[in-house]
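What's in upload_9.cif: mmCIF, C-alpha atoms
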data_upload
#
loop_
_atom_site.label_atom_id
_atom_site.label_comp_id
_atom_site.auth_asym_id
_atom_site.auth_seq_id
_atom_site.Cartn_x
_atom_site.Cartn_y
_atom_site.Cartn_z
CA MET A 1 95.51 109.00 126.97
CA ALA A 2 97.52 105.80 126.62
CA ARG A 3 99.26 105.30 123.26
CA ILE A 4 99.11 101.87 121.64
CA LEU A 5 100.94 100.71 118.51
CA ILE A 6 99.68 97.74 116.50
CA GLU A 7 102.28 96.14 114.23
CA THR A 8 100.86 93.64 111.75
CA TYR A 9 102.48 90.82 109.82
CA GLY A 10 100.96 88.60 107.15
CA CYS A 11 97.81 88.60 105.08
CA THR A 12 94.86 90.92 104.60
CA LEU A 13 92.87 88.85 107.11
CA ASN A 14 95.48 89.68 109.75
CA GLN A 15 95.24 93.35 108.80
CA ALA A 16 91.48 93.14 109.23
CA ASP A 17 91.94 91.58 112.69
CA SER A 18 94.27 94.45 113.64
CA ARG A 19 91.63 96.99 112.61
CA ILE A 20 89.03 95.22 114.75
CA MET A 21 91.40 95.30 117.74
CA GLY A 22 92.19 98.94 117.07
CA SER A 23 88.57 100.02 116.85
CA LEU A 24 87.71 98.23 120.10
CA LEU A 25 90.60 99.95 121.88
CA GLU A 26 89.62 103.36 120.47
CA LYS A 27 86.14 102.87 121.91
CA GLU A 28 87.83 102.47 125.30
CA GLY A 29 89.60 105.79 124.86
CA TYR A 30 93.04 104.63 123.76
CA ASP A 31 95.11 106.42 121.12
CA VAL A 32 95.83 103.70 118.54
CA GLU A 33 98.45 103.82 115.79
CA TYR A 34 99.29 101.27 113.10
CA GLY A 35 102.74 100.68 111.69
CA LYS A 36 106.16 99.11 112.20
CA LEU A 37 107.72 99.55 115.61
CA ASP A 38 111.03 101.39 115.64
CA VAL A 39 112.86 99.52 118.39
CA ALA A 40 114.77 102.65 119.34
CA GLN A 41 111.48 104.48 119.97
CA LYS A 42 109.51 101.73 121.70
CA SER A 43 109.43 103.70 124.94
CA GLY A 44 107.10 106.16 123.23
CA TYR A 45 104.19 103.73 123.49
CA ASP A 46 102.35 102.57 126.59
CA PHE A 47 101.54 99.23 124.95
CA VAL A 48 102.68 97.44 121.82
CA ILE A 49 100.61 94.77 120.07
CA ILE A 50 102.35 92.52 117.55
CA ASN A 51 99.83 90.71 115.35
CA THR A 52 101.72 87.72 114.00
CA CYS A 53 101.77 85.35 111.02
CA THR A 54 102.88 81.72 110.85
CA VAL A 55 102.52 80.82 107.17
CA LYS A 56 106.26 80.75 106.36
CA THR A 57 109.41 79.97 108.35
CA PRO A 58 111.28 83.18 107.34
CA THR A 59 108.30 85.29 108.42
CA GLU A 60 108.09 83.47 111.74
CA GLN A 61 111.82 83.97 112.35
CA LYS A 62 111.49 87.67 111.53
CA ILE A 63 108.64 88.03 114.02
CA LEU A 64 110.43 86.12 116.78
CA ASN A 65 113.50 88.27 116.24
CA LYS A 66 111.36 91.40 116.58
CA ILE A 67 109.78 90.06 119.78
CA SER A 68 113.22 89.32 121.23
CA ARG A 69 114.30 92.92 120.51
CA VAL A 70 111.33 94.38 122.38
CA LYS A 71 110.95 91.78 125.13
CA ASP A 72 112.09 94.37 127.68
CA LEU A 73 108.65 95.96 127.25
CA GLY A 74 107.62 93.19 129.62
CA ASP A 75 103.91 93.22 130.41
CA ARG A 76 103.42 96.17 128.02
CA LEU A 77 103.92 93.75 125.10
CA ILE A 78 100.95 91.81 123.70
CA VAL A 79 101.40 89.16 121.01
CA ALA A 80 98.36 88.21 118.94
CA GLY A 81 97.60 86.38 115.68
CA CYS A 82 98.45 83.08 114.05
CA LEU A 83 101.82 82.46 115.71
CA ALA A 84 100.18 83.13 119.06
CA SER A 85 97.59 80.48 118.16
CA ALA A 86 99.89 77.85 116.66
CA SER A 87 103.05 78.12 118.76
CA PRO A 88 102.51 80.20 121.93
CA GLU A 89 105.38 78.36 123.62
CA LYS A 90 107.86 80.01 121.23
CA ILE A 91 106.63 83.43 122.32
CA GLU A 92 106.65 82.52 126.01
CA GLN A 93 110.24 81.32 125.74
CA ILE A 94 111.42 84.64 124.30
CA ALA A 95 109.11 87.08 126.11
CA PRO A 96 107.75 85.36 129.23
CA ASN A 97 106.03 88.52 130.51
CA ALA A 98 104.11 89.24 127.30
CA SER A 99 100.37 88.55 127.11
CA ILE A 100 99.17 86.23 124.35
CA LEU A 101 95.96 86.48 122.36
CA ASN A 102 94.98 83.88 119.76
CA THR A 103 92.99 84.58 116.59
CA GLU A 104 89.59 83.61 117.99
CA ASN A 105 89.90 86.03 120.90
CA VAL A 106 90.83 89.32 119.23
CA ALA A 107 87.61 90.84 120.60
CA LYS A 108 89.07 90.52 124.10
CA ILE A 109 91.92 92.90 123.35
CA ALA A 110 90.59 95.63 125.67
CA GLU A 111 90.52 93.10 128.53
CA VAL A 112 94.10 92.13 127.76
CA VAL A 113 95.27 95.75 127.83
CA ALA A 114 93.33 96.37 131.07
CA SER A 115 95.16 93.42 132.66
CA ALA A 116 98.50 94.67 131.32
CA LYS A 117 97.86 98.06 132.94
CA GLU A 118 97.71 96.20 136.26
CA HIS A 119 100.93 94.33 135.35
CA LYS A 120 99.07 91.07 134.95
CA ARG A 121 100.04 88.74 132.10
CA VAL A 122 97.13 86.87 130.46
CA ASN A 123 96.92 84.13 127.86
CA TYR A 124 93.68 83.95 125.88
CA ASN A 125 94.02 80.72 123.89
CA SER A 126 90.54 79.21 124.09
CA ARG A 127 88.99 77.93 120.86
CA GLY A 128 85.48 78.67 119.69
CA LEU A 129 83.41 80.01 116.82
CA VAL A 130 83.09 83.78 117.13
CA ASP A 131 81.47 86.08 114.58
CA LYS A 132 84.05 88.87 114.37
CA MET A 133 81.66 91.07 112.42
CA LEU A 134 79.89 91.74 115.71
CA PHE A 135 82.94 93.83 116.61
CA PHE A 136 83.59 95.51 113.26
CA SER A 137 83.66 99.29 113.24
CA PRO A 138 84.44 101.25 110.06
CA ASP A 139 87.15 103.88 109.97
CA GLU A 140 87.79 106.58 107.39
CA SER A 141 90.29 104.62 105.30
CA LEU A 142 89.98 104.56 101.51
CA ILE A 143 90.52 100.78 101.64
CA ALA A 144 88.27 98.79 103.97
CA ARG A 145 89.40 95.25 104.78
CA ILE A 146 86.39 93.20 105.83
CA PRO A 147 86.80 89.62 107.09
CA ILE A 148 84.06 87.26 105.92
CA SER A 149 85.17 84.03 107.61
CA GLU A 150 87.88 82.31 109.56
CA GLY A 151 89.39 78.86 109.06
CA CYS A 152 88.79 76.65 106.04
CA LEU A 153 87.53 73.27 104.82
CA SER A 154 90.84 72.10 103.33
CA ASN A 155 93.57 69.96 104.87
CA CYS A 156 96.59 70.92 102.78
CA ALA A 157 99.69 68.97 103.79
CA PHE A 158 101.93 72.06 103.73
CA CYS A 159 99.73 74.47 105.69
CA GLU A 160 100.20 75.72 109.23
CA THR A 161 97.39 78.26 109.05
CA LYS A 162 94.63 75.65 109.41
CA PHE A 163 96.16 74.68 112.76
CA ALA A 164 96.26 78.34 113.79
CA ARG A 165 92.79 79.40 112.68
CA GLY A 166 90.83 76.17 112.93
CA PRO A 167 87.78 74.93 111.02
CA LEU A 168 85.58 77.05 108.80
CA ASN A 169 83.57 79.72 110.59
CA SER A 170 81.61 81.92 108.17
CA PHE A 171 80.48 85.25 109.55
CA SER A 172 76.96 86.65 109.25
CA GLN A 173 76.21 87.79 105.69
CA GLU A 174 73.83 90.41 107.07
CA LEU A 175 76.61 91.88 109.24
CA ILE A 176 79.12 91.76 106.37
CA ILE A 177 76.75 93.68 104.09
CA LYS A 178 76.14 96.19 106.88
CA ALA A 179 79.93 96.57 107.34
CA ILE A 180 80.36 97.30 103.64
CA GLN A 181 77.55 99.87 103.72
CA MET A 182 79.02 101.61 106.77
CA SER A 183 82.50 101.62 105.26
CA VAL A 184 81.25 103.17 102.02
CA GLU A 185 79.35 105.81 104.01
CA LYS A 186 82.63 106.58 105.84
CA GLY A 187 84.41 107.14 102.53
CA ALA A 188 85.84 103.75 101.59
CA LYS A 189 86.37 103.39 97.85
CA GLU A 190 87.87 99.89 97.82
CA ILE A 191 86.35 97.00 99.77
CA GLU A 192 88.59 93.97 100.28
CA LEU A 193 86.63 90.88 101.26
CA THR A 194 89.15 88.69 103.01
CA ALA A 195 89.36 85.22 104.52
CA GLN A 196 91.70 82.27 104.77
CA ASP A 197 89.74 80.91 101.80
CA THR A 198 86.90 83.08 100.48
CA GLY A 199 85.86 80.16 98.29
CA ALA A 200 84.69 78.22 101.34
CA TYR A 201 82.61 81.11 102.67
CA GLY A 202 79.08 80.11 103.62
CA LEU A 203 79.44 76.39 102.93
CA ASP A 204 78.89 75.82 106.66
CA LYS A 205 75.74 77.98 106.58
CA LYS A 206 73.92 76.96 103.37
CA THR A 207 75.11 79.96 101.39
CA ASN A 208 78.24 80.80 99.38
CA VAL A 209 80.60 83.56 98.38
CA ALA A 210 78.86 84.12 95.02
CA GLU A 211 75.64 85.05 96.79
CA LEU A 212 77.57 87.34 99.15
CA LEU A 213 79.37 89.05 96.26
CA ASN A 214 76.14 89.62 94.32
CA ASN A 215 74.54 91.18 97.39
CA ALA A 216 77.60 93.34 98.07
CA ALA A 217 77.61 94.61 94.47
CA SER A 218 74.02 95.80 94.87
CA ILE A 219 74.98 98.30 97.59
CA GLU A 220 74.66 101.92 96.48
CA GLY A 221 77.79 103.98 96.01
CA ASP A 222 80.80 104.46 93.75
CA PHE A 223 83.31 101.89 95.00
CA ARG A 224 85.10 98.69 94.02
CA ILE A 225 85.14 95.24 95.63
CA ARG A 226 88.16 92.95 95.59
CA LEU A 227 87.50 89.31 96.41
CA GLY A 228 90.34 87.60 98.28
CA MET A 229 91.96 84.21 97.68
CA LEU A 230 89.60 81.44 96.55
CA ASN A 231 90.70 77.79 96.39
CA PRO A 232 89.94 76.03 93.06
CA GLU A 233 88.25 73.05 94.73
CA HIS A 234 85.20 75.17 95.62
CA LEU A 235 84.70 77.12 92.40
CA GLY A 236 82.50 74.54 90.70
CA ARG A 237 79.86 74.81 93.42
CA TYR A 238 78.75 78.29 92.31
CA PHE A 239 80.65 79.08 89.10
CA ASP A 240 77.82 80.65 87.08
CA ARG A 241 76.54 82.72 90.00
CA LEU A 242 80.05 84.03 90.67
CA VAL A 243 80.52 85.00 87.02
CA GLU A 244 77.23 86.91 87.28
CA ALA A 245 78.61 88.89 90.23
CA TYR A 246 81.77 89.75 88.29
CA LYS A 247 79.69 91.46 85.60
CA SER A 248 78.97 94.28 88.05
CA GLU A 249 81.06 97.43 87.51
CA LYS A 250 81.67 97.45 91.26
CA VAL A 251 83.60 94.16 91.28
CA TYR A 252 87.24 94.23 90.23
CA LYS A 253 87.86 91.82 87.35
CA PHE A 254 90.37 89.97 89.48
CA ILE A 255 90.48 86.48 90.92
CA HIS A 256 93.14 84.90 93.13
CA LEU A 257 93.05 81.17 92.37
CA PRO A 258 96.10 79.40 93.88
CA VAL A 259 97.22 76.34 91.88
CA GLN A 260 100.38 75.59 93.97
CA SER A 261 101.84 73.06 91.48
CA GLY A 262 101.66 72.07 87.82
CA SER A 263 102.05 68.38 88.70
CA ASP A 264 99.02 66.23 89.48
CA LYS A 265 101.20 63.94 91.59
CA VAL A 266 102.40 66.82 93.74
CA LEU A 267 98.88 68.24 94.02
CA SER A 268 97.72 64.86 95.29
CA ASP A 269 100.60 64.73 97.78
CA MET A 270 99.70 68.24 98.92
CA LYS A 271 96.07 67.11 99.42
CA ARG A 272 94.78 69.71 96.99
CA ASN A 273 91.41 68.48 95.75
CA TYR A 274 91.69 69.24 92.03
CA THR A 275 93.89 68.43 89.04
CA VAL A 276 95.96 70.70 86.82
CA GLU A 277 93.50 70.12 83.99
CA GLU A 278 90.57 71.14 86.19
CA PHE A 279 92.40 74.32 87.22
CA GLU A 280 93.19 75.20 83.61
CA ASP A 281 89.59 74.52 82.56
CA GLN A 282 88.38 76.89 85.28
CA VAL A 283 90.77 79.61 84.13
CA ARG A 284 89.76 79.14 80.50
CA GLU A 285 86.05 79.48 81.33
CA LEU A 286 86.61 82.47 83.62
CA ARG A 287 88.58 84.32 80.95
CA LYS A 288 85.95 83.48 78.35
CA LYS A 289 83.11 84.89 80.46
CA ILE A 290 84.83 87.79 82.30
CA ALA A 291 86.47 90.32 80.00
CA ASP A 292 89.92 91.65 80.96
CA LEU A 293 90.20 89.28 83.93
CA THR A 294 93.37 89.41 86.00
CA LEU A 295 94.37 85.98 87.28
CA GLU A 296 96.59 85.75 90.34
CA THR A 297 97.91 82.37 91.41
CA ASP A 298 100.42 80.86 93.85
CA VAL A 299 103.12 78.27 93.20
CA ILE A 300 105.19 76.39 95.78
CA VAL A 301 108.56 75.12 94.59
CA GLY A 302 110.61 72.46 96.35
CA TYR A 303 107.78 70.50 97.94
CA PRO A 304 109.39 67.36 99.46
CA THR A 305 107.98 65.01 96.80
CA GLU A 306 108.55 67.38 93.86
CA THR A 307 110.94 65.78 91.37
CA ALA A 308 112.81 67.64 88.63
CA GLU A 309 110.11 66.45 86.21
CA ASP A 310 107.34 67.75 88.49
CA PHE A 311 109.07 71.13 88.64
CA GLU A 312 109.27 71.27 84.84
CA GLU A 313 105.53 70.54 84.72
CA SER A 314 104.95 73.57 86.94
CA ILE A 315 107.01 75.76 84.62
CA SER A 316 105.10 74.44 81.60
CA MET A 317 101.81 75.16 83.34
CA ILE A 318 102.80 78.79 84.04
CA GLU A 319 103.88 79.23 80.41
CA ARG A 320 100.54 77.79 79.20
CA VAL A 321 98.19 79.57 81.59
CA LYS A 322 100.15 82.85 81.72
CA PRO A 323 98.76 84.24 84.99
CA GLU A 324 98.91 88.01 85.23
CA ILE A 325 100.32 87.61 88.76
CA THR A 326 102.14 84.60 90.22
CA ASN A 327 103.41 84.44 93.79
CA VAL A 328 106.37 82.03 94.05
CA SER A 329 107.09 80.48 97.45
CA LYS A 330 109.97 78.27 98.46
CA PHE A 331 108.68 75.28 100.42
CA GLY A 332 109.51 75.42 104.10
CA ALA A 333 108.46 72.77 106.60
CA ARG A 334 106.02 74.08 109.19
CA PRO A 335 105.94 72.20 112.51
CA HIS A 336 102.24 71.28 112.60
CA ALA A 337 101.92 70.50 108.88
CA GLU A 338 101.95 66.93 107.58
CA ALA A 339 104.63 67.67 104.96
CA SER A 340 107.13 68.54 107.72
CA LYS A 341 107.45 64.80 108.42
CA LEU A 342 108.64 64.04 104.89
CA LYS A 343 112.25 63.92 103.76
CA GLN A 344 113.06 67.46 102.68
CA LEU A 345 114.80 68.60 99.51
CA GLY A 346 118.12 70.41 99.86
CA ASN A 347 118.02 74.17 100.39
CA GLU A 348 120.25 74.84 97.41
CA GLU A 349 117.96 72.91 95.07
CA ILE A 350 114.88 74.69 96.42
CA LYS A 351 116.64 78.03 95.95
CA ARG A 352 117.63 77.12 92.38
CA ARG A 353 114.06 76.19 91.49
CA SER A 354 112.73 79.38 93.06
CA ILE A 355 115.14 81.53 91.03
CA GLU A 356 114.24 79.74 87.80
CA MET A 357 110.50 79.89 88.41
CA SER A 358 110.68 83.57 89.39
CA ARG A 359 112.53 84.35 86.17
CA ILE A 360 109.78 82.68 84.11
CA VAL A 361 107.08 84.47 86.09
CA ARG A 362 108.64 87.91 85.62
CA ALA A 363 108.96 87.34 81.89
CA VAL A 364 105.31 86.25 81.58
CA GLN A 365 104.06 89.18 83.66
CA ALA A 366 106.16 91.74 81.80
CA GLU A 367 104.89 90.49 78.44
CA LEU A 368 101.25 90.62 79.57
CA ARG A 369 101.62 94.19 80.85
CA LYS A 370 102.80 95.45 77.44
CA LYS A 371 99.32 95.05 75.91
CA TYR A 372 98.14 98.00 78.00
CA ILE A 373 100.68 100.47 76.60
CA GLY A 374 98.88 103.14 74.59
CA THR A 375 95.48 102.41 76.15
CA THR A 376 93.45 104.62 78.46
CA GLN A 377 92.62 103.08 81.83
CA ARG A 378 90.17 104.19 84.50
CA VAL A 379 92.12 104.17 87.75
CA LEU A 380 90.97 104.38 91.36
CA ILE A 381 93.67 106.38 93.18
CA THR A 382 94.36 104.91 96.63
CA GLU A 383 97.95 105.89 97.49
CA LYS A 384 100.25 108.89 97.23
CA ASN A 385 103.93 109.47 97.98
CA GLU A 386 106.42 112.23 97.24
CA ARG A 387 106.81 111.22 93.59
CA SER A 388 103.64 109.56 92.39
CA LEU A 389 100.07 108.49 92.75
CA THR A 390 99.18 104.82 92.73
CA GLY A 391 95.89 103.14 92.01
CA ARG A 392 94.19 100.18 90.36
CA ASN A 393 92.44 99.82 87.04
CA ASP A 394 89.21 97.84 86.72
CA SER A 395 91.26 94.63 86.44
CA TYR A 396 93.05 95.44 89.72
CA ILE A 397 96.39 96.00 88.01
CA SER A 398 98.55 98.56 89.79
CA VAL A 399 99.08 101.84 87.92
CA ALA A 400 101.77 104.35 88.93
CA ILE A 401 101.22 107.95 87.86
CA GLU A 402 103.85 110.66 88.18
CA ASN A 403 101.96 113.43 89.90
CA THR A 404 102.51 114.97 93.30
CA GLU A 405 100.46 118.15 93.23
CA ALA A 406 96.82 117.18 92.88
CA ASN A 407 94.90 115.76 95.83
CA LEU A 408 93.20 112.93 93.99
CA LEU A 409 93.08 110.22 96.64
CA GLY A 410 89.79 108.34 96.48
CA THR A 411 88.89 109.55 93.00
CA PHE A 412 88.59 107.75 89.67
CA GLN A 413 90.91 109.16 87.01
CA ASN A 414 91.63 108.37 83.38
CA ALA A 415 95.28 107.62 82.68
CA LYS A 416 97.14 107.09 79.41
CA ILE A 417 99.47 104.10 79.85
CA THR A 418 102.96 104.95 78.62
CA GLY A 419 105.01 102.06 79.99
CA SER A 420 105.03 98.94 82.12
CA THR A 421 107.12 96.67 84.32
CA SER A 422 106.51 93.09 85.46
CA THR A 423 104.57 94.41 88.46
CA CYS A 424 102.74 97.57 87.37
CA LEU A 425 101.68 99.94 84.62
CA ILE A 426 103.04 103.48 84.26
CA GLY A 427 100.80 106.28 83.07
CA ASN A 428 99.95 109.97 82.82
CA LEU A 429 96.71 111.60 83.88
CA LEU A 430 94.46 112.80 81.08
#

What does this structure look like when you write it as structure tokens?
Amino acid sequence: MARILIETYGCTLNQADSRIMGSLLEKEGYDVEYGKLDVAQKSGYDFVIINTCTVKTPTEQKILNKISRVKDLGDRLIVAGCLASASPEKIEQIAPNASILNTENVAKIAEVVASAKEHKRVNYNSRGLVDKMLFFSPDESLIARIPISEGCLSNCAFCETKFARGPLNSFSQELIIKAIQMSVEKGAKEIELTAQDTGAYGLDKKTNVAELLNNAASIEGDFRIRLGMLNPEHLGRYFDRLVEAYKSEKVYKFIHLPVQSGSDKVLSDMKRNYTVEEFEDQVRELRKKIADLTLETDVIVGYPTETAEDFEESISMIERVKPEITNVSKFGARPHAEASKLKQLGNEEIKRRSIEMSRIVRAVQAELRKKYIGTTQRVLITEKNERSLTGRNDSYISVAIENTEANLLGTFQNAKITGSTSTCLIGNLL
């Protein structure tokens, strides 16, 4: 039986694509593993698939470096994902014998491997709308990552992913619901609904993500649903219906709403279709109507048109809104993105702003975590290592529990919170 390793970079949507490829290969009789390839042990696999990301320059450089270190695999190397879609020439330059598979063609992975077995290099780079849920097969993981769409409706000036994944393509709601049901029957306790922008789901098919979430929450079983990143520009289309879905016990009280900047001028330059005030109004209403909501957001610092005053507006916005989680990214020009043509800020200034923003973010997050100390939280245990158990409370906040003896994976446990950091809570089982 041929052994295949799938190494995945990037977002949850990429991880979902890897699982689809893996399940299709398993149906063909291959032994599939997931993880990071140890270059020194690469000869232990018959084929290696690297599922790539292109969202940030450092990530791309890391991936290209990895490809260069395993290029001697020759036709046993297959490169898939967003980098394979956006910049296949970079891969071909480093590993000319590797096969290439873009995001729309992940369902052809078995054909690619079959060609590689005959020492034939192939390049599947055709574009087209494919419903990937036709190829979804549940495994026995506690966490099931289910893609609901590909592409988006936005045209953000900084984004390379739109070029890689194309226009919005919402998958069949019927097949998504079936995938959730099958995953729960297989033992999944956490369902992650993922997309490039879950907020755009269904807007090409006269439905929306609120309807999908309400239907998903009606499925029988004891499990939790986490909704992936949702752009603010779409929230007004179905706000009340989405709030209704969040009232279900099965839906984590968590929303990832990326603001990107606290300056209206920069938001306009980025081609984000909302204002800071509109974002803050949305957050205020969500927190009013959904108890114990965890807000995650994203902020880019050092956008080419961001002045010192704009940066200060972003800091002020974070201090006002106080997101429970904020992901800080340093702007980096991506080759197919409009912002790459602008005059760039100096690296040192971008680094300085990133350090300052990160300091503010850590302080805000640490302060917010303290309110949980002394409380009892219901935690879904999803991970275990040599020292601790890790899970999520109903607000999707990570909880670390010092316990190595009990086999509690996949169970709900009550934990007394005894401490906190900027990234997680610390507790003891009751």

Using the chain letters and numbers from the file, which residues does the PyMOL selection byres ((chain A and resi 23-36) around 6) grab, as an mmCIF file with C-alpha atoms, in the coordinates of the input?
data_model
loop_
_atom_site.group_PDB
_atom_site.id
_atom_site.type_symbol
_atom_site.label_atom_id
_atom_site.label_comp_id
_atom_site.auth_asym_id
_atom_site.auth_seq_id
_atom_site.Cartn_x
_atom_site.Cartn_y
_atom_site.Cartn_z
ATOM 1 C CA MET A 1 95.510 109.000 126.970
ATOM 2 C CA ALA A 2 97.520 105.800 126.620
ATOM 3 C CA ARG A 3 99.260 105.300 123.260
ATOM 4 C CA ILE A 4 99.110 101.870 121.640
ATOM 5 C CA LEU A 5 100.940 100.710 118.510
ATOM 6 C CA ILE A 6 99.680 97.740 116.500
ATOM 7 C CA GLU A 7 102.280 96.140 114.230
ATOM 8 C CA ILE A 20 89.030 95.220 114.750
ATOM 9 C CA MET A 21 91.400 95.300 117.740
ATOM 10 C CA GLY A 22 92.190 98.940 117.070
ATOM 11 C CA LEU A 37 107.720 99.550 115.610
ATOM 12 C CA ALA A 110 90.590 95.630 125.670
#

Starting from the displayed file, determine the output of the PyMOL selection byres ((chain A and resi 61-67) around 9) and express the residue list as a count of residues only. 22

Evaluate the PyMOL selection byres ((chain A and resi 121) around 6) and report residues as a PyMOL selection string: chain A and resi 99+120+122

Just want the 7 Å neighbourhood of segment 302-316 of chain A, counted on all atoms listed in the file, with same-chain residues fewer than 6 positions away dropped. Output as a PyMOL selection string. chain A and resi 261-263+266+330-331+342-345+350+357

Find the spatial neighbours of segment 164-178 of chain A, counting all atoms listed in the file, within a cut-off of 10 Å - ignore same-chain residues fewer than 6 positions away - and output them as a VMD selection string. chain A and resid 53 to 55 81 to 87 102 to 104 127 to 136 146 to 155 184 193 195 to 198 200 to 205 207 to 209 211 to 213 215 to 219 336

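You will find atom CA of Ala415 of chain A at 12.2 Å from atom CA of Asp394 of chain A.
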
For the interface of segment 4-89 of chain A with segment 225-233 of chain A (cut-off 12 Å, counting only C-alpha atoms), please tabulate each contacting residue of segment 4-89 of chain A alongside its nearest pair of atoms and their separation in Å to one decimal, rows sorted by chain and increasing number, as a tab-separated table.
residue	atom	partner	partner_atom	distance
A:Cys11	CA	A:Gly228	CA	10.2
A:Thr12	CA	A:Gly228	CA	8.4
A:Leu13	CA	A:Gly228	CA	9.3

For each of A:Ala188, A:Ile100, A:Leu286, A:Ala144, take the minimum atom-to-atom distance to Leu409 of chain A, counting only C-alpha atoms, then give the residue where this is smallest. A:Ala188

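The coordinates place atom CA of Ser422 of chain A at 5.0 Å from atom CA of Gln365 of chain A.
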
Using all atoms listed in the file, which residues sit within 6 Å of Val399 of chain A once same-chain residues fewer than 4 positions away are excluded, as a PyMOL selection string? chain A and resi 390-392+424-426

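Between atom CA of Ala107 of chain A and atom CA of Ser18 of chain A lies a distance of 10.3 Å.
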
Quick one: residues within 8 Å of Leu142 of chain A, only C-alpha atoms counted, chain neighbours fewer than 2 positions away excluded, as a PyMOL selection string? chain A and resi 140+144+187-190+382+410

May I have the residues within 8 Å of Phe412 of chain A as a ChimeraX atom specification, using only C-alpha atoms and disregarding those fewer than 3 positions away in the same chain? /A:378-381

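Here the question is which of A:Asp17, A:Ser329, A:Glu386, A:Thr421 gets nearest to Ala363 of chain A using only C-alpha atoms, and that residue is A:Thr421.
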
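Residue nearest Val112 of chain A, chosen from A:Asp139, A:Ile78, A:Leu429, A:Lys186 and counting only C-alpha atoms: A:Ile78.
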
Return as a tab-separated table the residues of segment 150-171 of chain A lying at most 7 Å from segment 268-271 of chain A, together with the closest atom-to-atom pair for each and the distance in Å to one decimal, counting all atoms listed in the file, with rows in chain order and ascending residue number.
residue	atom	partner	partner_atom	distance
A:Asn155	CA	A:Lys271	CA	6.6
A:Cys156	CA	A:Lys271	CA	5.1
A:Ala157	CA	A:Met270	CA	4.9
A:Phe158	CA	A:Met270	CA	6.5
